[in-house]
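This is query_27.pdb. It holds PDB, C-alpha atoms.
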```
MODEL        1
ATOM      1  CA  MET A  30      30.327  24.637 -45.446  1.00  0.00           C
ATOM      2  CA  GLU A  31      31.010  27.591 -43.287  1.00  0.00           C
ATOM      3  CA  MET A  32      31.566  27.599 -39.571  1.00  0.00           C
ATOM      4  CA  SER A  33      28.157  29.186 -38.899  1.00  0.00           C
ATOM      5  CA  ASP A  34      26.429  26.337 -40.777  1.00  0.00           C
ATOM      6  CA  ILE A  35      28.221  23.730 -38.642  1.00  0.00           C
ATOM      7  CA  PHE A  36      27.368  25.660 -35.483  1.00  0.00           C
ATOM      8  CA  LEU A  37      23.689  25.940 -36.433  1.00  0.00           C
ATOM      9  CA  THR A  38      23.570  22.213 -37.273  1.00  0.00           C
ATOM     10  CA  LEU A  39      25.073  21.337 -33.888  1.00  0.00           C
ATOM     11  CA  VAL A  40      22.651  23.670 -32.114  1.00  0.00           C
ATOM     12  CA  GLY A  41      19.775  22.036 -34.003  1.00  0.00           C
ATOM     13  CA  LEU A  42      20.973  18.564 -32.976  1.00  0.00           C
ATOM     14  CA  VAL A  43      21.303  19.618 -29.331  1.00  0.00           C
ATOM     15  CA  ILE A  44      17.806  21.128 -29.381  1.00  0.00           C
ATOM     16  CA  ALA A  45      16.410  17.955 -30.966  1.00  0.00           C
ATOM     17  CA  MET A  46      18.098  15.779 -28.319  1.00  0.00           C
ATOM     18  CA  LEU A  47      16.792  18.030 -25.536  1.00  0.00           C
ATOM     19  CA  GLY A  48      13.301  17.873 -27.020  1.00  0.00           C
ATOM     20  CA  TRP A  49      13.442  14.066 -27.111  1.00  0.00           C
ATOM     21  CA  PHE A  50      14.717  13.971 -23.523  1.00  0.00           C
ATOM     22  CA  MET A  51      11.989  16.342 -22.332  1.00  0.00           C
ATOM     23  CA  SER A  52       9.263  14.285 -24.035  1.00  0.00           C
ATOM     24  CA  ARG A  53      10.585  11.097 -22.375  1.00  0.00           C
ATOM     25  CA  LEU A  54      10.676  12.913 -19.036  1.00  0.00           C
ATOM     26  CA  ALA A  55       7.092  14.127 -19.476  1.00  0.00           C
ATOM     27  CA  ASP A  56       5.936  10.572 -20.317  1.00  0.00           C
ATOM     28  CA  THR A  57       7.647   9.232 -17.209  1.00  0.00           C
ATOM     29  CA  VAL A  58       6.049  11.899 -15.026  1.00  0.00           C
ATOM     30  CA  ASN A  59       2.617  11.086 -16.479  1.00  0.00           C
ATOM     31  CA  LYS A  60       3.113   7.369 -15.751  1.00  0.00           C
ATOM     32  CA  LEU A  61       4.188   8.219 -12.208  1.00  0.00           C
ATOM     33  CA  GLU A  62       1.095  10.377 -11.694  1.00  0.00           C
ATOM     34  CA  GLN A  63      -1.121   7.541 -12.949  1.00  0.00           C
ATOM     35  CA  ASN A  64       0.602   5.124 -10.580  1.00  0.00           C
ATOM     36  CA  ILE A  65       0.103   7.447  -7.605  1.00  0.00           C
ATOM     37  CA  ASN A  66      -3.553   7.995  -8.514  1.00  0.00           C
ATOM     38  CA  SER A  67      -4.037   4.237  -8.815  1.00  0.00           C
ATOM     39  CA  CYS A  68      -2.486   3.717  -5.370  1.00  0.00           C
ATOM     40  CA  GLN A  69      -4.773   6.347  -3.858  1.00  0.00           C
ATOM     41  CA  THR A  70      -7.813   4.777  -5.530  1.00  0.00           C
ATOM     42  CA  HIS A  71      -7.013   1.249  -4.341  1.00  0.00           C
ATOM     43  CA  MET A  72      -5.753   2.194  -0.878  1.00  0.00           C
ATOM     44  CA  PRO A  73      -9.060   1.492   0.938  1.00  0.00           C
ATOM     45  CA  LEU A  74      -9.094  -1.966  -0.637  1.00  0.00           C
ATOM     46  CA  ASN A  75      -5.483  -2.839   0.210  1.00  0.00           C
ATOM     47  CA  TYR A  76      -5.025  -1.348   3.670  1.00  0.00           C
ATOM     48  CA  VAL A  77      -6.953  -1.327   6.936  1.00  0.00           C
ATOM     49  CA  LEU A  78      -7.731   1.924   8.681  1.00  0.00           C
ATOM     50  CA  LYS A  79      -6.419   2.269  12.225  1.00  0.00           C
ATOM     51  CA  THR A  80      -9.895   2.721  13.683  1.00  0.00           C
ATOM     52  CA  ASP A  81     -11.190  -0.369  11.874  1.00  0.00           C
ATOM     53  CA  TYR A  82      -8.206  -2.348  13.152  1.00  0.00           C
ATOM     54  CA  LYS A  83      -8.837  -1.219  16.739  1.00  0.00           C
ATOM     55  CA  ILE A  84     -12.515  -2.189  16.529  1.00  0.00           C
ATOM     56  CA  GLU A  85     -11.715  -5.632  15.098  1.00  0.00           C
ATOM     57  CA  MET A  86      -8.991  -6.258  17.689  1.00  0.00           C
ATOM     58  CA  SER A  87     -11.383  -5.276  20.483  1.00  0.00           C
ATOM     59  CA  GLU A  88     -13.957  -7.756  19.181  1.00  0.00           C
ATOM     60  CA  LEU A  89     -11.324 -10.498  18.902  1.00  0.00           C
ATOM     61  CA  LYS A  90     -10.082  -9.856  22.436  1.00  0.00           C
ATOM     62  CA  GLY A  91     -13.663 -10.095  23.698  1.00  0.00           C
ATOM     63  CA  MET A  92     -14.172 -13.417  21.925  1.00  0.00           C
ATOM     64  CA  ILE A  93     -10.893 -14.781  23.298  1.00  0.00           C
ATOM     65  CA  ALA A  94     -11.814 -13.690  26.826  1.00  0.00           C
ATOM     66  CA  SER A  95     -15.206 -15.396  26.483  1.00  0.00           C
ATOM     67  CA  GLN A  96     -13.605 -18.623  25.269  1.00  0.00           C
ATOM     68  CA  SER A  97     -11.026 -18.443  28.038  1.00  0.00           C
ATOM     69  CA  SER A  98     -13.699 -18.133  30.719  1.00  0.00           C
ATOM     70  CA  LYS A  99     -15.620 -21.068  29.218  1.00  0.00           C
ATOM     71  CA  ILE A 100     -12.466 -23.182  29.243  1.00  0.00           C
ATOM     72  CA  ASP A 101     -11.797 -22.179  32.852  1.00  0.00           C
ATOM     73  CA  GLN A 102     -15.343 -23.208  33.823  1.00  0.00           C
ATOM     74  CA  ILE A 103     -14.966 -26.570  32.100  1.00  0.00           C
ATOM     75  CA  TRP A 104     -11.574 -27.130  33.706  1.00  0.00           C
ATOM     76  CA  LYS A 105     -12.923 -26.204  37.157  1.00  0.00           C
ATOM     77  CA  HIS A 106     -15.910 -28.492  36.633  1.00  0.00           C
ATOM     78  CA  MET A 107     -13.636 -31.388  35.659  1.00  0.00           C
ATOM     79  CA  ARG A 108     -11.243 -30.834  38.618  1.00  0.00           C
ATOM     80  CA  THR A 109     -13.998 -30.872  41.209  1.00  0.00           C
ATOM     81  CA  GLY A 110     -15.178 -34.197  39.883  1.00  0.00           C
ATOM     82  CA  SER A 111     -18.783 -33.149  39.612  1.00  0.00           C
ATOM     83  CA  GLY A 112     -18.715 -33.993  35.930  1.00  0.00           C
ATOM     84  CA  LYS A 113     -18.409 -37.753  36.623  1.00  0.00           C
ATOM     85  CA  ASP A 114     -21.543 -39.864  36.510  1.00  0.00           C
TER
ENDMDL
END
```
Once you've parsed the file, please lay out its structure as structure tokens.
Amino acid sequence: MEMSDIFLTLVGLVIAMLGWFMSRLADTVNKLEQNINSCQTHMPLNYVLKTDYKIEMSELKGMIASQSSKIDQIWKHMRTGSGKD
């Protein structure tokens, strides 16, 4: 076996290893792209938009204020004693 045959065999092995590595890298990139696309698709289901959150919090604050005023009215009514028969 001559030196050029050994060199060509080594070059062939290096090219084969690089080809395998590049195919594994391409597969990993494809899986990553699928994962990102899946996250973007499911984002509206998993997260709340800021505007939706603000609207819901406003409604909750209104309900709490209403309940608070009702409790204050009941408490005032009980303190004045007009609730006793």
Legend entry - Point-to-point distance in Å for CA of Ala94 (chain A) and CA of Val77 (chain A):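 If I compute the distance from CA of Val77 (chain A) to CA of Ala94 (chain A), I get 23.9 Å.
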Assuming 6 Å of padding per side, give the centre and edge lengths of the axis-aligned box around every listed atom of region 71-88 of chain A, in Å to one decimal and as lines of an AutoDock Vina configuration file.
```
center_x = -9.5
center_y = -2.5
center_z = 8.1
size_x = 20.9
size_y = 22.5
size_z = 36.8
```
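In this model, the gap between CA of Glu62 (chain A) and CA of Leu78 (chain A) comes to 23.8 Å.
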